[in-house]
Amino acid sequence: MVDVAKFEKQLLARKKELEQRLQGIEHDLDEPMSKDVEDRATEREGDEVLESMGNVGLDELEAINAALERVKKGTFGECVSCGEPVSEARLETVPTATLCRNCM
Ligand SMILES: [Zn+2]
């Protein structure tokens, strides 16, 4: 049996961290563009980086929410494909893992 509570705590901590980071990104994106054209180009580039970072964060957040949902249902740590337990070592590395080694 995997220590679900331990992973749930990890997932919740990571979720909080991501949400804070994403809020920070949104805040940065809302800042008015500078009037200087050259600055504007640089800023736009920066915004694109921030946006793609935001997308990565959102994907991870989604995976974390799905994992927390499985914690609630009591299926956390089970492979969503074959139902076999996902190894604890794998969950240590990727707490949001949904597939066991055989199904990857
Ligand atoms: Zn499997």
# chains A, B, ... in the order shown; residues from 1 in each chain; ligands from 1
call {"tool": "residues_near_ligand", "arguments": {"ligand": "ligand 1", "cutoff": "7 Å", "atoms": "only C-alpha atoms and all ligand atoms", "output": "list in words"}}
result
Cys79, Val80, Ser81, Cys82, Gly83, Glu84, Leu99, Cys100, Arg101, Asn102 and Cys103 of chain A
call {"tool": "write_last_selection", "arguments": {"atoms": "N, CA and C atoms", "output": "mmCIF file, in the first residue's frame"}}
result
data_model
loop_
_atom_site.group_PDB
_atom_site.id
_atom_site.type_symbol
_atom_site.label_atom_id
_atom_site.label_comp_id
_atom_site.auth_asym_id
_atom_site.auth_seq_id
_atom_site.Cartn_x
_atom_site.Cartn_y
_atom_site.Cartn_z
ATOM 1 N N CYS A 79 -2.902 2.114 -11.416
ATOM 2 C CA CYS A 79 -2.781 2.403 -12.832
ATOM 3 C C CYS A 79 -4.184 2.593 -13.415
ATOM 4 N N VAL A 80 -4.403 3.721 -14.139
ATOM 5 C CA VAL A 80 -5.744 3.972 -14.676
ATOM 6 C C VAL A 80 -6.065 3.028 -15.831
ATOM 7 N N SER A 81 -5.038 2.362 -16.349
ATOM 8 C CA SER A 81 -5.268 1.491 -17.487
ATOM 9 C C SER A 81 -5.540 0.048 -17.062
ATOM 10 N N CYS A 82 -4.676 -0.501 -16.202
ATOM 11 C CA CYS A 82 -4.833 -1.921 -15.853
ATOM 12 C C CYS A 82 -5.237 -2.148 -14.392
ATOM 13 N N GLY A 83 -5.216 -1.074 -13.589
ATOM 14 C CA GLY A 83 -5.650 -1.222 -12.203
ATOM 15 C C GLY A 83 -4.589 -1.775 -11.267
ATOM 16 N N GLU A 84 -3.440 -2.131 -11.806
ATOM 17 C CA GLU A 84 -2.344 -2.615 -10.970
ATOM 18 C C GLU A 84 -1.741 -1.426 -10.222
ATOM 19 N N LEU A 99 -0.121 5.916 -14.927
ATOM 20 C CA LEU A 99 0.088 4.614 -15.536
ATOM 21 C C LEU A 99 1.227 3.863 -14.869
ATOM 22 N N CYS A 100 1.086 2.565 -14.780
ATOM 23 C CA CYS A 100 2.177 1.753 -14.248
ATOM 24 C C CYS A 100 3.229 1.576 -15.357
ATOM 25 N N ARG A 101 4.316 0.987 -14.978
ATOM 26 C CA ARG A 101 5.427 0.811 -15.921
ATOM 27 C C ARG A 101 5.024 0.043 -17.169
ATOM 28 N N ASN A 102 4.192 -0.946 -16.975
ATOM 29 C CA ASN A 102 3.810 -1.799 -18.100
ATOM 30 C C ASN A 102 2.920 -1.072 -19.099
ATOM 31 N N CYS A 103 2.163 -0.118 -18.609
ATOM 32 C CA CYS A 103 1.193 0.552 -19.492
ATOM 33 C C CYS A 103 1.722 1.850 -20.086
#
call {"tool": "residues_around", "arguments": {"residues": "Pro95 (chain A)", "least_positions_apart": "5", "cutoff": "8 Å", "atoms": "only C-alpha atoms", "output": "number ranges by chain"}}
result
A: 7, 10-11, 67, 90
call {"tool": "write_last_selection", "arguments": {"atoms": "N, CA and C atoms", "output": "compact mmCIF listing (two decimals), in the first residue's frame"}}
result
# COMPACT_ATOMS: atom_id res chain seq x y z
N PHE A 7 1.51 11.53 -0.25
CA PHE A 7 1.47 12.07 -1.61
C PHE A 7 0.43 13.18 -1.73
N GLN A 10 2.01 16.27 -0.55
CA GLN A 10 2.94 16.74 -1.58
C GLN A 10 2.20 17.44 -2.72
N LEU A 11 1.12 16.80 -3.15
CA LEU A 11 0.34 17.34 -4.26
C LEU A 11 -0.29 18.68 -3.90
N ALA A 67 -5.04 13.93 -9.87
CA ALA A 67 -4.45 13.03 -8.88
C ALA A 67 -5.18 13.18 -7.54
N ARG A 90 7.99 5.20 -8.47
CA ARG A 90 7.54 6.00 -9.59
C ARG A 90 6.72 7.19 -9.09
call {"tool": "residues_around", "arguments": {"residues": "region 18-20 of chain A", "least_positions_apart": "2", "cutoff": "9 Å", "atoms": "only C-alpha atoms", "output": "ChimeraX atom specification"}}
result
/A:13-16,22-25,57-58,60-61
call {"tool": "write_last_selection", "arguments": {"atoms": "N, CA and C atoms", "output": "mmCIF file, in the first residue's frame"}}
result
data_model
loop_
_atom_site.group_PDB
_atom_site.id
_atom_site.type_symbol
_atom_site.label_atom_id
_atom_site.label_comp_id
_atom_site.auth_asym_id
_atom_site.auth_seq_id
_atom_site.Cartn_x
_atom_site.Cartn_y
_atom_site.Cartn_z
ATOM 1 N N ALA A 13 0.781 20.802 -1.664
ATOM 2 C CA ALA A 13 1.835 21.809 -1.549
ATOM 3 C C ALA A 13 2.235 22.314 -2.933
ATOM 4 N N ARG A 14 2.368 21.359 -3.862
ATOM 5 C CA ARG A 14 2.756 21.713 -5.230
ATOM 6 C C ARG A 14 1.654 22.542 -5.905
ATOM 7 N N LYS A 15 0.432 22.189 -5.623
ATOM 8 C CA LYS A 15 -0.709 22.897 -6.187
ATOM 9 C C LYS A 15 -0.704 24.362 -5.736
ATOM 10 N N LYS A 16 -0.473 24.550 -4.456
ATOM 11 C CA LYS A 16 -0.442 25.900 -3.895
ATOM 12 C C LYS A 16 0.677 26.714 -4.552
ATOM 13 N N LEU A 22 1.197 31.025 -10.938
ATOM 14 C CA LEU A 22 0.316 31.402 -12.042
ATOM 15 C C LEU A 22 -0.351 32.743 -11.775
ATOM 16 N N GLN A 23 -0.689 32.996 -10.545
ATOM 17 C CA GLN A 23 -1.265 34.299 -10.208
ATOM 18 C C GLN A 23 -0.252 35.394 -10.463
ATOM 19 N N GLY A 24 0.984 35.124 -10.140
ATOM 20 C CA GLY A 24 2.051 36.075 -10.379
ATOM 21 C C GLY A 24 2.214 36.340 -11.862
ATOM 22 N N ILE A 25 2.111 35.290 -12.669
ATOM 23 C CA ILE A 25 2.247 35.438 -14.119
ATOM 24 C C ILE A 25 1.119 36.302 -14.657
ATOM 25 N N GLY A 57 2.374 25.297 -16.442
ATOM 26 C CA GLY A 57 1.848 25.283 -15.072
ATOM 27 C C GLY A 57 0.412 24.790 -15.030
ATOM 28 N N LEU A 58 -0.377 25.223 -16.004
ATOM 29 C CA LEU A 58 -1.783 24.818 -16.029
ATOM 30 C C LEU A 58 -1.929 23.331 -16.286
ATOM 31 N N GLU A 60 0.221 21.078 -15.485
ATOM 32 C CA GLU A 60 0.618 20.368 -14.266
ATOM 33 C C GLU A 60 -0.490 20.471 -13.219
ATOM 34 N N LEU A 61 -1.085 21.659 -13.142
ATOM 35 C CA LEU A 61 -2.167 21.869 -12.180
ATOM 36 C C LEU A 61 -3.322 20.909 -12.448
#
call {"tool": "atom_distance", "arguments": {"atom1": "CA of Met104 (chain A)", "atom2": "CA of Glu17 (chain A)"}}
result
27.6 Å
call {"tool": "select_by_dssp", "arguments": {"residues": "chain A", "states": "alpha helix (DSSP H)", "output": "NGL selection string"}}
result
:A and (4-30 or 37-73 or 88-93)
call {"tool": "atom_distance", "arguments": {"atom1": "CA of Leu68 (chain A)", "atom2": "CA of Lys6 (chain A)"}}
result
11.9 Å
